[in-house]
$ cat model-v9.csv   # CSV, N, CA and C atoms
chain,number,residue,atom,x,y,z
A,1,MET,N,-26.6,-15.0,2.0
A,1,MET,CA,-25.3,-15.1,2.7
A,1,MET,C,-25.5,-14.7,4.1
A,2,LYS,N,-24.8,-15.4,5.0
A,2,LYS,CA,-24.9,-15.1,6.4
A,2,LYS,C,-23.5,-15.2,7.0
A,3,PHE,N,-23.1,-14.1,7.7
A,3,PHE,CA,-21.8,-14.2,8.3
A,3,PHE,C,-22.0,-14.3,9.8
A,4,GLU,N,-21.3,-15.3,10.4
A,4,GLU,CA,-21.4,-15.5,11.9
A,4,GLU,C,-20.0,-15.3,12.5
A,5,PRO,N,-19.8,-14.1,13.0
A,5,PRO,CA,-18.5,-13.8,13.6
A,5,PRO,C,-18.2,-14.6,14.8
A,6,LYS,N,-16.9,-14.8,15.0
A,6,LYS,CA,-16.4,-15.5,16.3
A,6,LYS,C,-15.7,-14.3,17.0
A,7,ASP,N,-16.3,-13.9,18.1
A,7,ASP,CA,-15.8,-12.8,18.9
A,7,ASP,C,-15.6,-13.2,20.4
A,8,PRO,N,-14.4,-13.5,20.8
A,8,PRO,CA,-13.1,-13.2,20.1
A,8,PRO,C,-12.9,-14.4,19.1
A,9,PRO,N,-12.0,-14.1,18.1
A,9,PRO,CA,-11.6,-15.2,17.2
A,9,PRO,C,-11.0,-16.4,17.9
A,10,ARG,N,-11.3,-17.6,17.4
A,10,ARG,CA,-10.7,-18.8,17.9
A,10,ARG,C,-9.2,-18.8,17.4
A,11,ARG,N,-8.3,-19.0,18.3
A,11,ARG,CA,-6.9,-19.0,18.0
A,11,ARG,C,-6.4,-20.5,18.1
A,12,PHE,N,-5.5,-20.8,17.1
A,12,PHE,CA,-4.9,-22.1,17.2
A,12,PHE,C,-3.5,-22.1,16.5
A,13,PRO,N,-2.6,-22.9,17.0
A,13,PRO,CA,-1.2,-22.8,16.4
A,13,PRO,C,-1.1,-23.6,15.1
A,14,VAL,N,-0.4,-23.0,14.2
A,14,VAL,CA,-0.1,-23.6,12.9
A,14,VAL,C,1.4,-23.4,12.6
A,15,GLY,N,1.8,-24.1,11.5
A,15,GLY,CA,3.2,-23.9,11.1
A,15,GLY,C,4.0,-25.1,11.5
A,16,ASN,N,5.0,-25.4,10.6
A,16,ASN,CA,5.9,-26.6,10.9
A,16,ASN,C,7.1,-26.1,11.6
A,17,SER,N,8.0,-25.3,11.0
A,17,SER,CA,9.2,-24.9,11.6
A,17,SER,C,9.0,-23.6,12.4
A,18,VAL,N,8.1,-22.7,12.0
A,18,VAL,CA,7.8,-21.5,12.7
A,18,VAL,C,6.4,-21.5,13.1
A,19,LYS,N,6.1,-21.6,14.4
A,19,LYS,CA,4.7,-21.7,14.9
A,19,LYS,C,4.2,-20.3,15.1
A,20,PHE,N,2.9,-20.1,14.7
A,20,PHE,CA,2.2,-18.8,14.9
A,20,PHE,C,0.8,-19.2,15.1
A,21,ASP,N,0.0,-18.2,15.7
A,21,ASP,CA,-1.4,-18.4,15.9
A,21,ASP,C,-2.2,-18.0,14.7
A,22,MET,N,-3.1,-18.8,14.2
A,22,MET,CA,-4.1,-18.5,13.2
A,22,MET,C,-5.3,-18.0,14.0
A,23,ARG,N,-6.0,-17.1,13.4
A,23,ARG,CA,-7.3,-16.6,14.0
A,23,ARG,C,-8.4,-16.9,13.1
A,24,ASP,N,-9.3,-17.8,13.7
A,24,ASP,CA,-10.6,-18.1,13.0
A,24,ASP,C,-11.6,-17.1,13.3
A,25,CYS,N,-11.9,-16.2,12.4
A,25,CYS,CA,-12.8,-15.0,12.7
A,25,CYS,C,-14.3,-15.3,12.5
A,26,GLY,N,-14.7,-16.4,11.9
A,26,GLY,CA,-16.1,-16.6,11.7
A,26,GLY,C,-16.4,-17.5,10.6
A,27,ASN,N,-17.7,-17.8,10.4
A,27,ASN,CA,-18.2,-18.6,9.4
A,27,ASN,C,-19.1,-17.7,8.4
A,28,LEU,N,-18.9,-18.0,7.1
A,28,LEU,CA,-19.7,-17.4,6.1
A,28,LEU,C,-20.5,-18.4,5.4
A,29,ARG,N,-21.8,-18.4,5.5
A,29,ARG,CA,-22.7,-19.4,4.9
A,29,ARG,C,-23.2,-18.8,3.6
A,30,LEU,N,-23.0,-19.6,2.5
A,30,LEU,CA,-23.5,-19.2,1.2
A,30,LEU,C,-24.5,-20.2,0.8
A,31,ASP,N,-25.6,-19.6,0.2
A,31,ASP,CA,-26.6,-20.5,-0.5
A,31,ASP,C,-26.1,-20.7,-1.9
A,32,PRO,N,-26.6,-21.8,-2.6
A,32,PRO,CA,-26.2,-22.0,-4.0
A,32,PRO,C,-26.3,-20.8,-4.8
A,33,ASP,N,-25.4,-20.6,-5.7
A,33,ASP,CA,-25.3,-19.4,-6.6
A,33,ASP,C,-25.1,-18.1,-5.9
A,34,GLU,N,-24.5,-18.1,-4.8
A,34,GLU,CA,-24.0,-16.9,-4.1
A,34,GLU,C,-22.5,-16.9,-4.1
A,35,GLN,N,-21.9,-15.7,-4.2
A,35,GLN,CA,-20.5,-15.5,-4.3
A,35,GLN,C,-20.0,-14.5,-3.4
A,36,VAL,N,-18.8,-14.6,-2.9
A,36,VAL,CA,-18.1,-13.6,-2.1
A,36,VAL,C,-16.8,-13.4,-2.7
A,37,THR,N,-16.2,-12.2,-2.6
A,37,THR,CA,-14.9,-11.8,-3.1
A,37,THR,C,-14.1,-11.4,-1.9
A,38,PHE,N,-12.9,-12.0,-1.8
A,38,PHE,CA,-11.9,-11.6,-0.8
A,38,PHE,C,-10.9,-10.7,-1.5
A,39,VAL,N,-10.5,-9.6,-0.9
A,39,VAL,CA,-9.5,-8.6,-1.5
A,39,VAL,C,-8.4,-8.4,-0.5
A,40,THR,N,-7.1,-8.5,-1.1
A,40,THR,CA,-5.9,-8.3,-0.3
A,40,THR,C,-5.7,-6.8,-0.1
A,41,ALA,N,-4.8,-6.4,0.7
A,41,ALA,CA,-4.5,-5.0,0.9
A,41,ALA,C,-4.0,-4.3,-0.4
A,42,SER,N,-3.4,-5.1,-1.2
A,42,SER,CA,-2.9,-4.5,-2.5
A,42,SER,C,-3.9,-4.5,-3.6
A,43,GLY,N,-5.1,-5.1,-3.4
A,43,GLY,CA,-6.1,-5.1,-4.3
A,43,GLY,C,-6.3,-6.4,-5.1
A,44,ALA,N,-5.5,-7.5,-4.9
A,44,ALA,CA,-5.8,-8.7,-5.5
A,44,ALA,C,-7.1,-9.3,-5.0
A,45,GLU,N,-7.8,-9.9,-5.9
A,45,GLU,CA,-9.2,-10.4,-5.6
A,45,GLU,C,-9.2,-12.0,-5.8
A,46,TYR,N,-10.1,-12.6,-5.0
A,46,TYR,CA,-10.3,-14.0,-5.0
A,46,TYR,C,-11.8,-14.3,-4.7
A,47,ASP,N,-12.4,-14.9,-5.7
A,47,ASP,CA,-13.9,-15.2,-5.6
A,47,ASP,C,-14.1,-16.7,-5.1
A,48,VAL,N,-15.1,-16.9,-4.3
A,48,VAL,CA,-15.6,-18.2,-4.0
A,48,VAL,C,-17.1,-18.2,-4.3
A,49,ALA,N,-17.6,-19.2,-5.0
A,49,ALA,CA,-19.0,-19.3,-5.4
A,49,ALA,C,-19.5,-20.6,-4.9
A,50,ALA,N,-20.7,-20.6,-4.3
A,50,ALA,CA,-21.4,-21.8,-3.8
A,50,ALA,C,-22.3,-22.3,-4.9
A,51,LYS,N,-22.3,-23.6,-5.1
A,51,LYS,CA,-23.2,-24.3,-6.0
A,51,LYS,C,-24.0,-25.3,-5.2
A,52,ASP,N,-25.0,-25.9,-5.8
A,52,ASP,CA,-25.8,-27.0,-5.1
A,52,ASP,C,-25.0,-28.2,-5.0
A,53,TRP,N,-23.8,-28.4,-5.7
A,53,TRP,CA,-23.0,-29.6,-5.6
A,53,TRP,C,-21.7,-29.3,-4.8
A,54,GLY,N,-21.5,-28.1,-4.3
A,54,GLY,CA,-20.2,-27.7,-3.6
A,54,GLY,C,-19.8,-26.3,-3.9
A,55,PHE,N,-18.5,-26.1,-4.2
A,55,PHE,CA,-18.0,-24.7,-4.4
A,55,PHE,C,-17.1,-24.6,-5.7
A,56,TYR,N,-17.2,-23.5,-6.3
A,56,TYR,CA,-16.1,-23.1,-7.2
A,56,TYR,C,-15.1,-22.5,-6.2
A,57,ALA,N,-14.0,-23.2,-6.0
A,57,ALA,CA,-13.0,-22.8,-5.0
A,57,ALA,C,-12.1,-21.6,-5.5
A,58,THR,N,-12.0,-21.5,-6.8
A,58,THR,CA,-11.3,-20.3,-7.3
A,58,THR,C,-11.9,-19.8,-8.6
A,59,PRO,N,-11.6,-18.6,-9.0
A,59,PRO,CA,-12.0,-18.2,-10.3
A,59,PRO,C,-11.2,-19.0,-11.3
A,60,SER,N,-11.4,-18.9,-12.6
A,60,SER,CA,-10.7,-19.6,-13.6
A,60,SER,C,-9.2,-19.4,-13.4
A,61,LEU,N,-8.4,-20.4,-13.3
A,61,LEU,CA,-7.0,-20.4,-13.0
A,61,LEU,C,-6.2,-19.5,-14.0
A,62,ASN,N,-6.6,-19.6,-15.3
A,62,ASN,CA,-5.9,-18.9,-16.4
A,62,ASN,C,-6.7,-17.8,-17.0
A,63,GLY,N,-7.6,-17.3,-16.2
A,63,GLY,CA,-8.5,-16.2,-16.7
A,63,GLY,C,-8.6,-15.1,-15.6
A,64,ARG,N,-9.7,-15.2,-14.9
A,64,ARG,CA,-10.0,-14.2,-13.9
A,64,ARG,C,-9.0,-14.2,-12.7
A,65,LEU,N,-8.5,-15.3,-12.3
A,65,LEU,CA,-7.5,-15.4,-11.2
A,65,LEU,C,-6.3,-14.6,-11.6
A,66,GLU,N,-5.9,-14.8,-12.9
A,66,GLU,CA,-4.7,-14.1,-13.4
A,66,GLU,C,-5.0,-12.6,-13.5
A,67,GLN,N,-6.2,-12.3,-13.9
A,67,GLN,CA,-6.5,-10.8,-14.0
A,67,GLN,C,-6.5,-10.2,-12.6
A,68,PHE,N,-6.9,-11.0,-11.6
A,68,PHE,CA,-6.9,-10.5,-10.2
A,68,PHE,C,-5.5,-10.4,-9.6
A,69,GLY,N,-4.5,-10.8,-10.3
A,69,GLY,CA,-3.1,-10.7,-9.8
A,69,GLY,C,-2.7,-11.9,-8.9
A,70,LEU,N,-3.3,-13.1,-9.1
A,70,LEU,CA,-3.0,-14.2,-8.3
A,70,LEU,C,-2.6,-15.4,-9.2
A,71,ARG,N,-1.7,-16.2,-8.7
A,71,ARG,CA,-1.2,-17.4,-9.4
A,71,ARG,C,-1.5,-18.7,-8.6
A,72,GLY,N,-2.2,-19.6,-9.3
A,72,GLY,CA,-2.5,-20.9,-8.6
A,72,GLY,C,-1.3,-21.8,-8.7
A,73,VAL,N,-1.1,-22.5,-7.6
A,73,VAL,CA,0.0,-23.4,-7.5
A,73,VAL,C,-0.4,-24.6,-6.6
A,74,LEU,N,-0.1,-25.8,-7.1
A,74,LEU,CA,-0.3,-27.1,-6.3
A,74,LEU,C,0.9,-27.3,-5.5
A,75,ILE,N,0.8,-27.5,-4.2
A,75,ILE,CA,1.9,-27.7,-3.2
A,75,ILE,C,1.7,-29.0,-2.6
A,76,ARG,N,2.9,-29.6,-2.2
A,76,ARG,CA,2.9,-30.8,-1.4
A,76,ARG,C,3.8,-30.6,-0.2
A,77,ASN,N,3.2,-30.9,1.0
A,77,ASN,CA,4.0,-30.9,2.2
A,77,ASN,C,4.8,-32.1,2.3
A,78,ARG,N,6.2,-31.9,2.3
A,78,ARG,CA,7.1,-33.1,2.2
A,78,ARG,C,7.0,-33.9,3.5
A,79,GLY,N,6.7,-33.3,4.6
A,79,GLY,CA,6.6,-34.0,5.9
A,79,GLY,C,5.4,-34.9,6.1
A,80,THR,N,4.2,-34.3,5.7
A,80,THR,CA,2.9,-35.0,5.9
A,80,THR,C,2.4,-35.7,4.7
A,81,GLY,N,2.9,-35.3,3.5
A,81,GLY,CA,2.4,-35.8,2.2
A,81,GLY,C,1.1,-35.2,1.8
A,82,ARG,N,0.6,-34.2,2.5
A,82,ARG,CA,-0.7,-33.5,2.2
A,82,ARG,C,-0.4,-32.5,1.1
A,83,TYR,N,-1.5,-32.3,0.3
A,83,TYR,CA,-1.5,-31.4,-0.9
A,83,TYR,C,-2.4,-30.2,-0.6
A,84,PHE,N,-2.0,-29.1,-1.2
A,84,PHE,CA,-2.7,-27.8,-1.0
A,84,PHE,C,-2.7,-27.0,-2.3
A,85,VAL,N,-3.7,-26.3,-2.5
A,85,VAL,CA,-3.7,-25.3,-3.6
A,85,VAL,C,-3.6,-23.9,-3.0
A,86,PHE,N,-2.5,-23.2,-3.3
A,86,PHE,CA,-2.2,-21.9,-2.8
A,86,PHE,C,-2.5,-20.9,-4.0
A,87,LEU,N,-2.8,-19.7,-3.6
A,87,LEU,CA,-2.9,-18.6,-4.5
A,87,LEU,C,-1.8,-17.6,-4.1
A,88,VAL,N,-0.8,-17.4,-5.0
A,88,VAL,CA,0.3,-16.5,-4.7
A,88,VAL,C,0.1,-15.2,-5.5
A,89,GLU,N,0.2,-14.1,-4.7
A,89,GLU,CA,0.1,-12.8,-5.3
A,89,GLU,C,1.3,-12.5,-6.2
A,90,ARG,N,1.0,-12.0,-7.4
A,90,ARG,CA,2.1,-11.7,-8.3
A,90,ARG,C,3.0,-10.6,-7.7
A,91,GLY,N,4.3,-10.9,-7.8
A,91,GLY,CA,5.3,-10.0,-7.1
A,91,GLY,C,5.6,-10.4,-5.7
A,92,ARG,N,4.9,-11.4,-5.2
A,92,ARG,CA,5.2,-11.9,-3.8
A,92,ARG,C,5.8,-13.3,-3.8
A,93,GLU,N,6.4,-13.7,-5.0
A,93,GLU,CA,7.0,-15.0,-5.1
A,93,GLU,C,8.1,-15.2,-4.2
A,94,LYS,N,9.0,-14.2,-3.9
A,94,LYS,CA,10.1,-14.4,-3.0
A,94,LYS,C,9.6,-14.8,-1.6
A,95,PRO,N,8.7,-14.0,-1.0
A,95,PRO,CA,8.2,-14.5,0.4
A,95,PRO,C,7.5,-15.8,0.3
A,96,PHE,N,6.9,-16.2,-0.8
A,96,PHE,CA,6.3,-17.5,-1.0
A,96,PHE,C,7.3,-18.6,-1.0
A,97,ASP,N,8.4,-18.4,-1.7
A,97,ASP,CA,9.5,-19.3,-1.8
A,97,ASP,C,10.1,-19.5,-0.4
A,98,GLU,N,10.3,-18.4,0.3
A,98,GLU,CA,10.9,-18.5,1.7
A,98,GLU,C,10.0,-19.3,2.6
A,99,TYR,N,8.7,-19.1,2.5
A,99,TYR,CA,7.7,-19.8,3.2
A,99,TYR,C,7.7,-21.3,2.9
A,100,CYS,N,7.8,-21.6,1.6
A,100,CYS,CA,7.9,-23.1,1.3
A,100,CYS,C,9.2,-23.7,1.9
A,101,ILE,N,10.3,-23.0,1.8
A,101,ILE,CA,11.5,-23.6,2.4
A,101,ILE,C,11.3,-23.8,3.9
A,102,ARG,N,10.8,-22.8,4.6
A,102,ARG,CA,10.6,-22.8,6.0
A,102,ARG,C,9.7,-23.9,6.4
A,103,GLU,N,8.6,-24.1,5.7
A,103,GLU,CA,7.5,-25.1,6.0
A,103,GLU,C,7.7,-26.4,5.4
A,104,ASN,N,8.8,-26.7,4.7
A,104,ASN,CA,9.1,-28.0,4.1
A,104,ASN,C,8.0,-28.3,3.0
A,105,LEU,N,7.7,-27.4,2.1
A,105,LEU,CA,6.7,-27.5,1.1
A,105,LEU,C,7.5,-27.5,-0.3
A,106,SER,N,6.9,-28.3,-1.2
A,106,SER,CA,7.5,-28.3,-2.6
A,106,SER,C,6.4,-28.0,-3.6
A,107,VAL,N,6.8,-27.3,-4.6
A,107,VAL,CA,5.8,-26.9,-5.7
A,107,VAL,C,5.7,-28.1,-6.6
A,108,VAL,N,4.4,-28.6,-6.8
A,108,VAL,CA,4.2,-29.7,-7.7
A,108,VAL,C,4.0,-29.1,-9.1
A,109,VAL,N,3.2,-28.1,-9.2
A,109,VAL,CA,3.0,-27.5,-10.5
A,109,VAL,C,2.3,-26.1,-10.3
A,110,TRP,N,2.8,-25.1,-11.1
A,110,TRP,CA,2.2,-23.8,-11.1
A,110,TRP,C,1.0,-24.0,-12.1
A,111,MET,N,-0.2,-23.5,-11.7
A,111,MET,CA,-1.4,-23.6,-12.5
A,111,MET,C,-1.9,-22.2,-12.9
A,112,ASP,N,-1.0,-21.5,-13.6
A,112,ASP,CA,-1.3,-20.1,-13.8
A,112,ASP,C,-1.2,-19.6,-15.2
A,113,SER,N,-1.1,-20.5,-16.2
A,113,SER,CA,-1.0,-20.2,-17.6
A,113,SER,C,-1.7,-21.3,-18.4
A,114,MET,N,-2.1,-20.9,-19.6
A,114,MET,CA,-2.7,-21.9,-20.5
A,114,MET,C,-1.7,-23.0,-20.8
A,115,GLU,N,-0.5,-22.6,-21.0
A,115,GLU,CA,0.6,-23.6,-21.4
A,115,GLU,C,0.7,-24.6,-20.2
A,116,ALA,N,0.8,-24.1,-19.0
A,116,ALA,CA,1.0,-25.0,-17.8
A,116,ALA,C,-0.2,-25.9,-17.6
A,117,LEU,N,-1.4,-25.4,-17.8
A,117,LEU,CA,-2.6,-26.2,-17.6
A,117,LEU,C,-2.8,-27.2,-18.7
A,118,ASP,N,-2.5,-26.8,-19.9
A,118,ASP,CA,-2.6,-27.7,-21.0
A,118,ASP,C,-1.6,-28.8,-20.9
A,119,ASP,N,-0.4,-28.5,-20.4
A,119,ASP,CA,0.7,-29.5,-20.2
A,119,ASP,C,0.2,-30.5,-19.1
A,120,LEU,N,-0.3,-30.0,-18.1
A,120,LEU,CA,-0.8,-30.8,-17.0
A,120,LEU,C,-2.0,-31.7,-17.5
A,121,ALA,N,-2.9,-31.2,-18.2
A,121,ALA,CA,-4.0,-32.0,-18.8
A,121,ALA,C,-3.5,-33.1,-19.7
A,122,THR,N,-2.5,-32.8,-20.5
A,122,THR,CA,-1.9,-33.8,-21.4
A,122,THR,C,-1.3,-34.9,-20.6
A,123,LYS,N,-0.5,-34.5,-19.6
A,123,LYS,CA,0.2,-35.5,-18.7
A,123,LYS,C,-0.8,-36.4,-18.0
A,124,MET,N,-2.0,-35.9,-17.7
A,124,MET,CA,-3.0,-36.6,-16.9
A,124,MET,C,-3.9,-37.4,-17.9
A,125,GLY,N,-3.8,-37.2,-19.2
A,125,GLY,CA,-4.6,-37.9,-20.1
A,125,GLY,C,-6.0,-37.4,-20.1
A,126,ALA,N,-6.2,-36.1,-19.8
A,126,ALA,CA,-7.6,-35.6,-19.8
A,126,ALA,C,-8.1,-35.5,-21.2
A,127,PRO,N,-9.4,-35.8,-21.4
A,127,PRO,CA,-10.0,-35.7,-22.7
A,127,PRO,C,-10.1,-34.2,-23.1
A,128,GLU,N,-10.1,-34.0,-24.4
A,128,GLU,CA,-10.2,-32.6,-25.0
A,128,GLU,C,-11.6,-32.0,-24.7
$ encode --input "model-v9.csv" --output "structure tokens"
Amino acid sequence: MKFEPKDPPRRFPVGNSVKFDMRDCGNLRLDPDEQVTFVTASGAEYDVAAKDWGFYATPSLNGRLEQFGLRGVLIRNRGTGRYFVFLVERGREKPFDEYCIRENLSVVVWMDSMEALDDLATKMGAPE
């Protein structure tokens, strides 16, 4: 693992209805089979693991991610048609909902329980 800080951070505007500056603080380079864990102020954790084919972008949606206090959700930007996977901290759904309204985002599907994921798999015709 190698961290390359950007000092000062690169700033760029983001947001649809409310603009604010995002700060790009650096690059973290992972070799295959290396992992890093991001931790929120309240202790929720999020792992990213590098593989020789790409990344495990999240821990298991209905296992470790849930244990870490995060809920996976597929989002669609109504204005651009772009899709995103967000991780919402349990107990922070109200600010998330407010953000979605403000930024013209819609929830496609919550991906945070076995029932929701099995339902999604069935609708998509995924093999057992």
$ select_by_dssp --input "model-v9.csv" --residues "chain A" --states "helix (DSSP H, G or I)" --output "ChimeraX atom specification"
/A:64-67,93-103,114-124
$ select_by_dssp --input "model-v9.csv" --residues "chain A" --states "strand (DSSP E)" --output "JSON, numbers by chain"
{"A": [2, 3, 4, 5, 6, 7, 8, 9, 10, 11, 12, 13, 14, 20, 21, 22, 23, 24, 25, 26, 27, 28, 29, 35, 36, 37, 38, 39, 45, 46, 47, 48, 49, 50, 51, 54, 55, 56, 70, 71, 72, 73, 74, 75, 76, 77, 83, 84, 85, 86, 87, 88, 89, 105, 106, 107, 108, 109, 110]}
$ closest_residue --input "model-v9.csv" --among "A:Met114, A:Ala44, A:Ala49, A:Leu120" --to "Val88 in chain A" --atoms "only C-alpha atoms"
A:Ala44
$ atom_distance --input "model-v9.csv" --atom1 "CA of Asp24 in chain A" --atom2 "CA of Thr40 in chain A"
17.2 Å
$ closest_residue --input "model-v9.csv" --among "A:Val39, A:Pro32, A:Gly79, A:Glu89" --to "Trp53 in chain A" --atoms "only N, CA and C atoms"
A:Pro32
$ atom_distance --input "model-v9.csv" --atom1 "atom C of Val108 in chain A" --atom2 "atom N of Glu93 in chain A"
16.1 Å
$ residues_around --input "model-v9.csv" --residues "Thr58 in chain A" --least-positions-apart "4" --cutoff "7 Å" --atoms "all atoms listed in the file" --output "mmCIF file with N, CA and C atoms, keeping the file's coordinate frame"
data_model
loop_
_atom_site.group_PDB
_atom_site.id
_atom_site.type_symbol
_atom_site.label_atom_id
_atom_site.label_comp_id
_atom_site.auth_asym_id
_atom_site.auth_seq_id
_atom_site.Cartn_x
_atom_site.Cartn_y
_atom_site.Cartn_z
ATOM 1 N N TYR A 46 -10.100 -12.600 -5.000
ATOM 2 C CA TYR A 46 -10.300 -14.000 -5.000
ATOM 3 C C TYR A 46 -11.800 -14.300 -4.700
ATOM 4 N N ASP A 47 -12.400 -14.900 -5.700
ATOM 5 C CA ASP A 47 -13.900 -15.200 -5.600
ATOM 6 C C ASP A 47 -14.100 -16.700 -5.100
ATOM 7 N N VAL A 48 -15.100 -16.900 -4.300
ATOM 8 C CA VAL A 48 -15.600 -18.200 -4.000
ATOM 9 C C VAL A 48 -17.100 -18.200 -4.300
ATOM 10 N N ALA A 49 -17.600 -19.200 -5.000
ATOM 11 C CA ALA A 49 -19.000 -19.300 -5.400
ATOM 12 C C ALA A 49 -19.500 -20.600 -4.900
ATOM 13 N N LEU A 65 -8.500 -15.300 -12.300
ATOM 14 C CA LEU A 65 -7.500 -15.400 -11.200
ATOM 15 C C LEU A 65 -6.300 -14.600 -11.600
#
